[in-house]
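Structure record follows, encoded as structure tokens.
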There are 4 protein chains.
Amino acid sequence: VTSGRKSFGSDNHAGAHPAVLAALTIANAGDVPSYGDDPLTARVSTALAESLGTTPDRVYFVFNGTGANVIGLSLMLRPHEAAICPVGSHLDVDECGAAERVLGNKLLTVPAPDGKLTPELVRSRLNGLRDTHHVQPRVVAISQVTEVGTVYTLAELAELRRCCQEHGLLLYLDGARLANAAAALGCSLGAIAAHADVLSFGVTKNGALGAEAVIIMNPEVGEDARFRRKQLMQLGSKMRFIAAQFDAMLSDELWLHNAQHANAMARRLADNVADIPGIRLDQPAAANAVFAELPAELITALRQDWVFHTWDEDRNVVRWMTAFDTTPADVDQFVASIRANASAGVSG
Amino acid sequence: VTSGRKSFGSDNHAGAHPAVLAALTIANAGDVPSYGDDPLTARVSTALAESLGTTPDRVYFVFNGTGANVIGLSLMLRPHEAAICPVGSHLDVDECGAAERVLGNKLLTVPAPDGKLTPELVRSRLNGLRDTHHVQPRVVAISQVTEVGTVYTLAELAELRRCCQEHGLLLYLDGARLANAAAALGCSLGAIAAHADVLSFGVTKNGALGAEAVIIMNPEVGEDARFRRKQLMQLGSKMRFIAAQFDAMLSDELWLHNAQHANAMARRLADNVADIPGIRLDQPAAANAVFAELPAELITALRQDWVFHTWDEDRNVVRWMTAFDTTPADVDQFVASIRANASAGVSG
Amino acid sequence: VTSGRKSFGSDNHAGAHPAVLAALTIANAGDVPSYGDDPLTARVSTALAESLGTTPDRVYFVFNGTGANVIGLSLMLRPHEAAICPVGSHLDVDECGAAERVLGNKLLTVPAPDGKLTPELVRSRLNGLRDTHHVQPRVVAISQVTEVGTVYTLAELAELRRCCQEHGLLLYLDGARLANAAAALGCSLGAIAAHADVLSFGVTKNGALGAEAVIIMNPEVGEDARFRRKQLMQLGSKMRFIAAQFDAMLSDELWLHNAQHANAMARRLADNVADIPGIRLDQPAAANAVFAELPAELITALRQDWVFHTWDEDRNVVRWMTAFDTTPADVDQFVASIRANASAGVSG
Amino acid sequence: VTSGRKSFGSDNHAGAHPAVLAALTIANAGDVPSYGDDPLTARVSTALAESLGTTPDRVYFVFNGTGANVIGLSLMLRPHEAAICPVGSHLDVDECGAAERVLGNKLLTVPAPDGKLTPELVRSRLNGLRDTHHVQPRVVAISQVTEVGTVYTLAELAELRRCCQEHGLLLYLDGARLANAAAALGCSLGAIAAHADVLSFGVTKNGALGAEAVIIMNPEVGEDARFRRKQLMQLGSKMRFIAAQFDAMLSDELWLHNAQHANAMARRLADNVADIPGIRLDQPAAANAVFAELPAELITALRQDWVFHTWDEDRNVVRWMTAFDTTPADVDQFVASIRANASAGVSG
């Protein structure tokens with residue numbers, strides 16, 4: 001990252017919250033059983049289960065988001081079944097084909113410009129039902145926050161779930177940024193989780209070092225989950241250190257404060273660039289990302305000093321992400337730089 | 001674990017070395033690129049590559065040992081090829097069939113009572129060569145330290161490697177306890193690694209929280225490794241925190257001091273129980289494990305107060321493991337307890 | 001099928017050409033080695049290799065089209081690589097996810113209304129190159145005849161191949177109806193095959209009982225093909241009986257006569273319904289299928305007496321297929337029935 | 001095969017019975033639906049189901065034995081479950097790792113010198129139950145006839161089934177030579193099938209061209225079988241031609257006559273070589289194979305004129321197989337040749 005400036009490239013560029021590091025030290029005391037049979041894992045699983053509305057035996061800590069997604073889907077799909085997901089979703093394009101490779105299941109993609117599936121979009125992929133030659137749609141896989149930074153309302157989730165139930169589908173929710181979604185909606189984690197059959201909940205991007213969980217809401221799903229986690233290489237031996245990260249995030253609602261802050265920083269950024277000529281917000285800054293269309297030369301100029309992703313090369317759309325530790329000063333410095341470069345470009 | 005007593009169940013029951021936790025805090029400063037493109041990962045990969053005798057682009061940090069083994073093998077096996085490994089090896093019995101499930105490759109097992117493959121044992125599985133109906137042996141997969149606590153001498157490794165080269169086989173070395181092996185042999189990590197085409201090097205059991213690496217020694221292997229790590233769900237986003245753990249372990253040879261200490265504690269334990277009537281060492285305590293045959297009632301009695309695994313139910317063989325933080329006092333307390341229970345049993 | 005009337009449902013509804021059955025009887029004489037080591041398989045492989053422009057060791061007989069496609073692709077794709085194919089291609093929708101399940105590779109689909117990929121469409125999926133998080137496009141997979149009955153011209157194939165070579169891609173050609181394509185283009189099988197790195201050639205639909213082949217044109221591909229065929233369950237034991245079917249099809253160019261005839265019958269059908277009010281050809285009848293848009297009530301009426309597929313429920317498009325044994329009288333009877341029902345509908 | 005002499009190499013070296021070829025011609029009349037929706041497939045499935053003791057919807061015709069085994073097992077195994085099978089079984093060594101590759105399931109092998117599993121052997125692999133790190137035994141996979149030509153008695157099957165039921169295991173029976181087993185036991189096919197949850201029944205080796213079936217006996221298994229067959233590339237389009245082969249085999253008990261004859265020829269061979277010095281039968285000739293230990297130089301001498309497999313290079317054990325079309329004269333000519341060569345060797 002450039003010369004000490006805050007990265008707007010990803011919430012993964014941030015480090016860990018001090019409370020998370022502190023929790024590791026606390027968890028380090030003494031010997032404990034490995035592979036999740038330790039008291040801390042039990043305690044944190046219980047706390048997490050309570051906050052999400054399930055039981056502790058349905059909480060499975062894993063290493064990363066791709067692992068969580070693949071294991072989550074593995075609990076819901078038989079070999080000939082498929083998951084419907086948006087074109088461009090993390091599952092579809094950012095996991096190097098893990099679902100196809102590791103599970104062998106097909107993804108049925110639907111274009112969803114705002115990153116959100118709707119009942120209508122889901123229904124558009126429900127052809128070939130019961131036809132032996134066709135994979136059978138079984139799961140609707142969504143992300144909350146979506147890959148383009150939008151957030152399903154609770155009403156939208158409820159409607160999607162109803163659609164799933166009508167058609168005998170299960171709902172998987174990729175919660176790599178679940179905290180940011182809950183913060184954006186002003187609701188509990190459980191209010192979102194209630195609409196899923198299985199979900200992931202990641203805290204890595206929200207101030208942990210590396211800690212994700214697969215959480216089963218539907219008791220008819222996931223009987224084999226403990227074998228699946230082991231077989232798919234996501235069972236940590238010194239599990240207490242993953243549990244400890246969740247412990248820190250759940251304590252005093254750190255997850256919420258971190259997410260609220262990151263979201264606020266994105267909103268501050270979005271609000272403050274809105275009037276800069278040539279800049280157009282591509283999606284509402286609902287959570288901790290700003291997607292904006294910029295003049296190509298402005299993108300080039302900003303890259304000299306700042307780190308961010310170009311999201312869509314063809315349309316000159318960039319993604320600016322904030323993190324739990326982005327400060328108002330970071331945002332203001334960035335905005336000033338954008339404004340200065342934009343003016344230079346206009347006058348140039 | 002029972003009432004504050006040291007566990008002899010597994011080196012995974014131990015926590016992390018303070019230097020490892022300290023390294024996490026140091027690594028936490030500022031923003032850095034994710035997914036391994038950060039300076040710390042670069043620096044530690046270079047250091048690790050140098051100590052093992054390869055190049056930094058051939059070092060891949062991953063989450064756990066099963067992940068390391070599966071990715072390591074994935075670099076060496078085409079779909080119809082197989083790995084020869086000992087019956088009872090971790091790969092064979094302790095990874096819930098990950099190799100078969102994730103890679104789809106067959107394991108060709110050979111009974112090896114002391115956990116070590118030999119050229120003769122390898123050759124016993126080289127039948128069906130070039131026969132279309134048979135999987136083709138391509139990899140010899142060994143563990144150093146082995147699953148029963150034995151350690152290949154450098155001469156044995158050299159001989160096995162020669163056998164591999166004669167038969168067009170590659171050698172994979174599971175180094176989940178590589179440090180303990182190097183400490184036992186009094187050699188460098190590189191002296192062992194030199195005999196492998198691909199190996200794993202784990203530091204989790206030796207005082208880290210959770211950090212393993214896949215290391216490619218043979219430059220003709222592993223072209224696709226970065227895709228494989230991602231696709232097989234072992235690419236961490238905040239990679240610096242895995243690199244930091246290796247950083248701590250490589251600094252001032254912490255890996256070696258930890259391993260030497262754990263090995264010494266196992267030797268102390270083995271030496272001090274050797275004269276207890278009814279106890280027979282099943283394998284030499286070459287590294288940090290003691291495998292011993294005990295009277296069944298002694299096993300039962302010890303379980304009241306101590307944590308350890310029964311390795312072989314039928315033969316009443318137990319495994320006692322030591323860790324980097326096992327103290328002489330821990331060992332002596334355990335020995336005293338064994339001795340007391342054994343006497344009670346004899347007199348009983 | 002209804003009351004002795006010719007089926008227009010699929011070329012798979014037809015039986016086998018008498019010459020194919022006769023070839024089985026001839027092949028039946030005496031004992032021969034199994035699994036393809038017999039003289040007939042050798043002779044027919046040589047003849048087929050010559051007609052396609054490759055060598056006999058690159059011809060692999062298999063059972064069915066899905067098997068041929070999966071094995072063909074398996075020769076070209078590493079785990080993180082993907083095949084670009086048209087939305088709605090057989091590979092994409094009609095093989096129950098076999099490619100994803102058996103190979104674990106992702107398919108990158110592109111909408112192609114006329115069933116044909118173009119360099120422009122291929123390039124639209126060439127994003128994420130060298131990005132560790134993305135599958136890497138490696139194969140362009142087309143069908144000749146396409147799934148909607150269109151036929152690539154040789155110029156189109158040459159252009160597509162050039163595009164592949166520019167971008168380091170390989171070309172796979174699904175030739176389940178290769179004979180119909182060659183007949184339509186008035187070219188040799190080899191003229192089409194020359195543009196592929198690997199192709200399938202199926203004769204089942206063209207008058208055999210069940211016989212397909214995977215043919216490797218690019219000598220740098222397919223080293224492991226014989227293992228792949230066995231492992232993927234497509235190696236027949238009494239191989240002579242698959243070879244015999246190809247023998248019959250190659251003798252006196254039976255493949256060509258059958259295909260020319262089937263194509264002519266489709267053209268006759270297309271030409272004769274063209275003037276019926278309410279009927280619109282959806283694709284040109286380039287090979288042995290007619291895709292037509294019909295009034296919904298006409299579809300319903302025709303179903304009373306005739307067998308055919310509704311291709312697109314939403315658009316009321318049907319598929320009418322002809323086979324090697326469709327007679328002019330069959331077509332004329334069908335046309336008369338269509339015309340009569342259409343008139344009834346109009347007057348009704 | 002050498003100069004018109006009958007092959008004793010494999011029952012796959014034989015051609016097809018004339019009645020099977022005749023059945024193809026009969027089945028060829030007219031158009032019928034594809035993919036198994038034709039009347040002949042319905043009729044033959046019903047007949048086969050009746051003779052085995054199941055229902056027609058549980059009969060699935062496939063192409064070959066490896067396909068049948070893989071699909072059969074796919075119906076019974078979840079990802080973390082394993083099949084127990086004898087070392088050296090077809091599944092273990094002769095399918096190029098198809099089960100591991102296509103299903104991803106582990107095989108747990110047990111040495112069984114006579115090719116038969118027993119409850120005791122099964123129990124020897126029932127360790128690690130409920131342990132997350134271990135695959136979970138779920139299926140016992142046997143062959144009837146076994147790979148070394150032995151035949152389970154009905155009592156042995158019943159005992160094995162009871163053992164399965166006690167331990168919550170399912171029984172899979174590879175019936176590639178089921179007819180030979182029934183003929184050997186003098187029982188119906190159903191008497192054997194009754195002990196299996198799923199079995200295969202192959203007629204290829206018994207006089208067909210290429211026709212196998214997966215048959216589900218346990219109604220709680222196999223709900224997804226039709227998708228599995230398609231996805232695993234074993235669904236034939238012109239299915240009537242596989243059904244026709246079974247039709248011929250079921251008509252007038254051709255399967256039984258063929259098998260009885262082949263078995264009788266093996267017995268004739270075994271009986272007539274028993275007194276030749278230096279020859280020792282390695283297994284009883286229970287079905288249509290003779291396994292015999294021979295002097296190495298006799299093996300070499302016989303190879304000049306005859307085709308057969310060396311089964312065990314180290315022990316000089318050969319396999320001589322008979323087929324439905326082996327004649328007494330073929331056997332007598334072979335025996336004379338063996339005797340002559342043996343005498344020459346003795347006198348030499």
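Note on naming: chains are A, B, ... as they come in the structure tokens, residues start from 1 per chain, ligands start from 1 in the order shown.
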Discussion item. I need the residues in stretch 106-316 of chain B that are strand (DSSP E) according to DSSP; give them as a ChimeraX atom specification.
Written reply: /B:106-110,136-143,170-174,198-202,212-216,280-281,289-293,309-312
Discussion item. As an MDAnalysis selection string, please: the residues near stretch 5-12 of chain C (cut-off 10 Å, only C-alpha atoms, same-chain neighbours under 3 positions excluded).
Written reply: (chainID C and resid 1:2 15:16 177 204:210 262 266 288:290 305:310 318:327 329:331 333:334) or (chainID D and resid 30:35 236:239)
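The interatomic distance for the pair atom CA of B:Glu293 and atom CA of B:Val317 works out to 4.2 Å.
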Discussion item. For stretch 214-224 of chain C, find every residue with an atom within 7 Å (counting only C-alpha atoms), except residues of its own chain fewer than 3 positions away, and show them as a PyMOL selection string.
Written reply: chain C and resi 54+58-61+68+72+75-76+196-201+227-228
Near chain C, 7 Å: chain A residue rows, closest pairs, only C-alpha atoms, as JSON lines:
```
{"residue": "A:His80", "atom": "CA", "partner": "C:Cys96", "partner_atom": "CA", "distance": 6.5}
{"residue": "A:Val93", "atom": "CA", "partner": "C:His134", "partner_atom": "CA", "distance": 5.9}
{"residue": "A:Asp94", "atom": "CA", "partner": "C:His133", "partner_atom": "CA", "distance": 4.9}
{"residue": "A:Glu95", "atom": "CA", "partner": "C:His133", "partner_atom": "CA", "distance": 5.5}
{"residue": "A:Cys96", "atom": "CA", "partner": "C:His134", "partner_atom": "CA", "distance": 4.4}
{"residue": "A:Gly97", "atom": "CA", "partner": "C:Val135", "partner_atom": "CA", "distance": 5.8}
{"residue": "A:Glu100", "atom": "CA", "partner": "C:Gly104", "partner_atom": "CA", "distance": 5.1}
{"residue": "A:Arg101", "atom": "CA", "partner": "C:Gly104", "partner_atom": "CA", "distance": 3.9}
{"residue": "A:Val102", "atom": "CA", "partner": "C:Gly104", "partner_atom": "CA", "distance": 6.9}
{"residue": "A:Gly104", "atom": "CA", "partner": "C:Arg101", "partner_atom": "CA", "distance": 3.9}
{"residue": "A:Asn105", "atom": "CA", "partner": "C:Arg101", "partner_atom": "CA", "distance": 5.9}
{"residue": "A:Lys106", "atom": "CA", "partner": "C:Glu100", "partner_atom": "CA", "distance": 6.0}
{"residue": "A:His133", "atom": "CA", "partner": "C:Cys96", "partner_atom": "CA", "distance": 4.8}
{"residue": "A:His134", "atom": "CA", "partner": "C:Cys96", "partner_atom": "CA", "distance": 4.4}
{"residue": "A:Val135", "atom": "CA", "partner": "C:Cys96", "partner_atom": "CA", "distance": 4.7}
```
Discussion item. One decimal, in Å: what's the spacing between atom CA of A:Val139 and atom CA of C:Thr66?
Written reply: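 Going from atom CA of A:Val139 over to atom CA of C:Thr66, I get 24.9 Å.
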Worksheet item: With only C-alpha atoms as the atoms that count, which of D:Ser251, D:Gln283, D:Ala244, D:Tyr172 lies nearest to D:Ile26?
Response: D:Ala244
Practice prompt. Compile the contact shell of B:Asn316 as a list in words: residues with an atom at most 12 Å away, counting only C-alpha atoms, same-chain residues fewer than 5 positions apart removed.
Written response: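 Near neighbours after the sequence-gap exclusion: Gly278, Ile279, Arg280, Leu281, Asp282, Phe291, Ala292, Glu293, Leu294, Pro295, Ala296, Glu297, Leu298, Ile299, Thr300, His309, Thr310 and Trp311 of chain B.
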Atoms to include: N, CA, C and O atoms. Write the selected residues as a compact mmCIF listing (two decimals), in the first residue's frame.
```txt
# COMPACT_ATOMS: atom_id res chain seq x y z
N GLY B 278 5.75 -53.73 33.32
CA GLY B 278 4.52 -53.78 32.53
C GLY B 278 4.49 -52.76 31.41
O GLY B 278 3.61 -52.80 30.55
N ILE B 279 5.45 -51.86 31.37
CA ILE B 279 5.48 -50.86 30.31
C ILE B 279 6.55 -51.22 29.30
O ILE B 279 7.68 -51.54 29.67
N ARG B 280 6.17 -51.19 28.05
CA ARG B 280 7.11 -51.51 26.97
C ARG B 280 6.99 -50.42 25.91
O ARG B 280 5.89 -50.10 25.46
N LEU B 281 8.11 -49.81 25.54
CA LEU B 281 8.07 -48.78 24.48
C LEU B 281 7.81 -49.47 23.15
O LEU B 281 8.51 -50.43 22.80
N ASP B 282 6.84 -48.97 22.43
CA ASP B 282 6.45 -49.62 21.18
C ASP B 282 7.28 -49.12 20.01
O ASP B 282 7.48 -49.82 19.03
N PHE B 291 5.35 -43.83 22.29
CA PHE B 291 4.34 -44.85 22.09
C PHE B 291 4.69 -46.02 23.00
O PHE B 291 5.78 -46.57 22.90
N ALA B 292 3.77 -46.37 23.87
CA ALA B 292 4.07 -47.41 24.86
C ALA B 292 2.92 -48.37 25.02
O ALA B 292 1.75 -47.99 24.91
N GLU B 293 3.28 -49.62 25.26
CA GLU B 293 2.28 -50.64 25.55
C GLU B 293 2.14 -50.72 27.05
O GLU B 293 3.14 -50.81 27.77
N LEU B 294 0.90 -50.69 27.52
CA LEU B 294 0.62 -50.64 28.96
C LEU B 294 -0.43 -51.68 29.32
O LEU B 294 -1.27 -52.02 28.48
N PRO B 295 -0.43 -52.13 30.54
CA PRO B 295 -1.57 -52.95 30.99
C PRO B 295 -2.86 -52.13 30.86
O PRO B 295 -2.87 -50.92 31.14
N ALA B 296 -3.92 -52.79 30.44
CA ALA B 296 -5.19 -52.10 30.20
C ALA B 296 -5.66 -51.35 31.44
O ALA B 296 -6.15 -50.21 31.35
N GLU B 297 -5.46 -51.97 32.62
CA GLU B 297 -5.98 -51.33 33.83
C GLU B 297 -5.14 -50.10 34.19
O GLU B 297 -5.65 -49.14 34.77
N LEU B 298 -3.89 -50.10 33.79
CA LEU B 298 -3.06 -48.92 34.02
C LEU B 298 -3.54 -47.76 33.13
O LEU B 298 -3.61 -46.60 33.58
N ILE B 299 -3.88 -48.09 31.90
CA ILE B 299 -4.42 -47.06 31.01
C ILE B 299 -5.66 -46.44 31.66
O ILE B 299 -5.78 -45.21 31.74
N THR B 300 -6.55 -47.29 32.11
CA THR B 300 -7.79 -46.80 32.72
C THR B 300 -7.51 -45.92 33.93
O THR B 300 -8.11 -44.84 34.09
N HIS B 309 -3.89 -40.21 24.20
CA HIS B 309 -4.64 -41.05 23.27
C HIS B 309 -4.28 -42.51 23.42
O HIS B 309 -3.12 -42.85 23.62
N THR B 310 -5.28 -43.37 23.33
CA THR B 310 -5.00 -44.78 23.11
C THR B 310 -4.80 -44.95 21.62
O THR B 310 -5.67 -44.61 20.82
N TRP B 311 -3.63 -45.41 21.24
CA TRP B 311 -3.27 -45.48 19.82
C TRP B 311 -3.80 -46.75 19.18
O TRP B 311 -4.27 -46.75 18.05
```
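Of note, atom CA of C:Ala287 and atom CA of C:Leu169 are spaced 27.7 Å apart.
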Practice prompt. Write out as an MDAnalysis selection string which residues come within 12 Å of C:Ala182 when counting only C-alpha atoms, dropping same-chain ones fewer than 4 positions away.
Written response: chainID C and resid 52 144:145 151:154 175:178 186:193 201 253 255:260 263 286:288
Could you dump the residues just selected with N, CA, C and O atoms as a CSV table (one decimal), in the first residue's frame?
```
chain,number,residue,atom,x,y,z
C,52,LEU,N,-10.0,-38.2,-40.9
C,52,LEU,CA,-10.1,-37.0,-40.1
C,52,LEU,C,-8.8,-36.2,-40.1
C,52,LEU,O,-8.8,-35.0,-39.7
C,144,GLN,N,-20.9,-28.8,-33.7
C,144,GLN,CA,-21.0,-28.7,-35.1
C,144,GLN,C,-21.7,-29.9,-35.5
C,144,GLN,O,-21.2,-31.0,-35.5
C,145,VAL,N,-22.9,-29.9,-35.9
C,145,VAL,CA,-24.1,-29.0,-35.9
C,145,VAL,C,-24.3,-28.4,-34.5
C,145,VAL,O,-24.1,-29.1,-33.5
C,151,VAL,N,-25.1,-24.5,-38.6
C,151,VAL,CA,-23.8,-25.1,-39.0
C,151,VAL,C,-22.8,-24.0,-39.2
C,151,VAL,O,-23.0,-23.0,-39.9
C,152,TYR,N,-21.6,-24.1,-38.5
C,152,TYR,CA,-20.5,-23.1,-38.7
C,152,TYR,C,-20.0,-23.3,-40.1
C,152,TYR,O,-19.8,-24.5,-40.6
C,153,THR,N,-19.8,-22.3,-40.9
C,153,THR,CA,-19.0,-22.4,-42.1
C,153,THR,C,-17.6,-22.7,-41.8
C,153,THR,O,-17.1,-22.5,-40.7
C,154,LEU,N,-16.9,-23.2,-42.8
C,154,LEU,CA,-15.4,-23.5,-42.6
C,154,LEU,C,-14.7,-22.2,-42.3
C,154,LEU,O,-13.8,-22.1,-41.5
C,175,GLY,N,-19.0,-33.2,-32.0
C,175,GLY,CA,-19.4,-33.6,-33.3
C,175,GLY,C,-20.5,-34.7,-33.2
C,175,GLY,O,-20.5,-35.7,-34.0
C,176,ALA,N,-21.4,-34.6,-32.3
C,176,ALA,CA,-22.5,-35.6,-32.2
C,176,ALA,C,-23.3,-35.7,-33.5
C,176,ALA,O,-23.8,-36.7,-33.8
C,177,ARG,N,-23.3,-34.6,-34.3
C,177,ARG,CA,-23.9,-34.6,-35.6
C,177,ARG,C,-22.9,-34.0,-36.6
C,177,ARG,O,-23.3,-33.3,-37.5
C,178,LEU,N,-21.7,-34.5,-36.5
C,178,LEU,CA,-20.6,-34.0,-37.4
C,178,LEU,C,-20.9,-34.4,-38.8
C,178,LEU,O,-20.7,-33.6,-39.8
C,186,GLY,N,-20.9,-29.7,-47.6
C,186,GLY,CA,-20.3,-30.3,-48.8
C,186,GLY,C,-18.8,-30.5,-48.6
C,186,GLY,O,-18.1,-30.4,-49.6
C,187,CYS,N,-18.4,-30.7,-47.4
C,187,CYS,CA,-17.0,-30.9,-47.2
C,187,CYS,C,-16.7,-32.2,-46.5
C,187,CYS,O,-17.6,-32.9,-46.2
C,188,SER,N,-15.4,-32.5,-46.4
C,188,SER,CA,-15.0,-33.8,-45.8
C,188,SER,C,-15.1,-33.6,-44.3
C,188,SER,O,-15.2,-32.5,-43.8
C,189,LEU,N,-15.1,-34.7,-43.5
C,189,LEU,CA,-15.1,-34.7,-42.1
C,189,LEU,C,-13.8,-34.0,-41.7
C,189,LEU,O,-13.7,-33.2,-40.7
C,190,GLY,N,-12.7,-34.3,-42.4
C,190,GLY,CA,-11.4,-33.8,-42.0
C,190,GLY,C,-11.3,-32.3,-42.2
C,190,GLY,O,-10.6,-31.6,-41.4
C,191,ALA,N,-12.1,-31.7,-43.1
C,191,ALA,CA,-12.1,-30.3,-43.3
C,191,ALA,C,-12.6,-29.5,-42.1
C,191,ALA,O,-12.2,-28.4,-41.7
C,192,ILE,N,-13.5,-30.2,-41.4
C,192,ILE,CA,-14.0,-29.6,-40.1
C,192,ILE,C,-13.1,-29.9,-39.0
C,192,ILE,O,-12.7,-29.1,-38.2
C,193,ALA,N,-12.7,-31.2,-38.9
C,193,ALA,CA,-11.8,-31.6,-37.8
C,193,ALA,C,-10.5,-30.9,-37.7
C,193,ALA,O,-10.0,-30.6,-36.7
C,201,PHE,N,-16.9,-37.5,-32.5
C,201,PHE,CA,-17.6,-37.8,-33.7
C,201,PHE,C,-18.6,-38.9,-33.3
C,201,PHE,O,-18.2,-40.0,-33.0
C,253,GLU,N,-19.1,-44.6,-47.6
C,253,GLU,CA,-19.6,-43.3,-47.1
C,253,GLU,C,-21.0,-43.3,-46.6
C,253,GLU,O,-21.8,-42.4,-46.9
C,255,TRP,N,-22.0,-42.8,-43.7
C,255,TRP,CA,-22.2,-41.6,-42.8
C,255,TRP,C,-22.7,-40.4,-43.7
C,255,TRP,O,-23.6,-39.7,-43.2
C,256,LEU,N,-22.1,-40.3,-44.9
C,256,LEU,CA,-22.5,-39.1,-45.7
C,256,LEU,C,-23.9,-39.3,-46.3
C,256,LEU,O,-24.7,-38.4,-46.3
C,257,HIS,N,-24.1,-40.5,-46.8
C,257,HIS,CA,-25.5,-40.7,-47.5
C,257,HIS,C,-26.6,-40.5,-46.4
C,257,HIS,O,-27.6,-39.9,-46.7
C,258,ASN,N,-26.4,-41.1,-45.3
C,258,ASN,CA,-27.4,-41.0,-44.2
C,258,ASN,C,-27.6,-39.5,-43.8
C,258,ASN,O,-28.7,-39.0,-43.7
C,259,ALA,N,-26.5,-38.8,-43.7
C,259,ALA,CA,-26.6,-37.4,-43.3
C,259,ALA,C,-27.2,-36.5,-44.4
C,259,ALA,O,-28.0,-35.6,-44.1
C,260,GLN,N,-26.8,-36.7,-45.6
C,260,GLN,CA,-27.3,-36.0,-46.7
C,260,GLN,C,-28.8,-36.2,-46.8
C,260,GLN,O,-29.6,-35.2,-47.0
C,263,ASN,N,-30.6,-34.5,-43.8
C,263,ASN,CA,-30.6,-33.0,-44.1
C,263,ASN,C,-31.6,-32.6,-45.2
C,263,ASN,O,-32.4,-31.7,-45.0
C,286,ALA,N,-30.3,-25.8,-41.5
C,286,ALA,CA,-29.0,-26.0,-42.2
C,286,ALA,C,-28.7,-27.5,-42.2
C,286,ALA,O,-28.0,-28.0,-43.1
C,287,ALA,N,-29.1,-28.2,-41.2
C,287,ALA,CA,-28.8,-29.7,-41.1
C,287,ALA,C,-30.1,-30.5,-41.1
C,287,ALA,O,-30.9,-30.4,-41.9
C,288,ASN,N,-30.3,-31.3,-40.0
C,288,ASN,CA,-31.4,-32.2,-40.0
C,288,ASN,C,-32.5,-31.8,-38.9
C,288,ASN,O,-33.1,-32.6,-38.4
```
Discussion item. So that I can see what lies close to A:Val122, please list as a PyMOL selection string the residues with an atom at most 12 Å from it, counting only C-alpha atoms and leaving out residues fewer than 3 positions away in the same chain.
Written reply: chain A and resi 83-86+108-112+116-119+125-127+137-142+159-164+166-167+169-171
Worksheet item: If you run DSSP on the backbone, which residues of stretch 156-287 of chain B are alpha helix (DSSP H), as JSON, numbers by chain?
Response: {"B": [156, 157, 158, 159, 160, 161, 162, 163, 164, 165, 166, 178, 179, 180, 181, 182, 183, 184, 185, 189, 190, 191, 192, 193, 225, 226, 227, 228, 229, 230, 231, 240, 241, 242, 243, 244, 245, 246, 247, 248, 249, 250, 254, 255, 256, 257, 258, 259, 260, 261, 262, 263, 264, 265, 266, 267, 268, 269, 270, 271, 272, 273]}
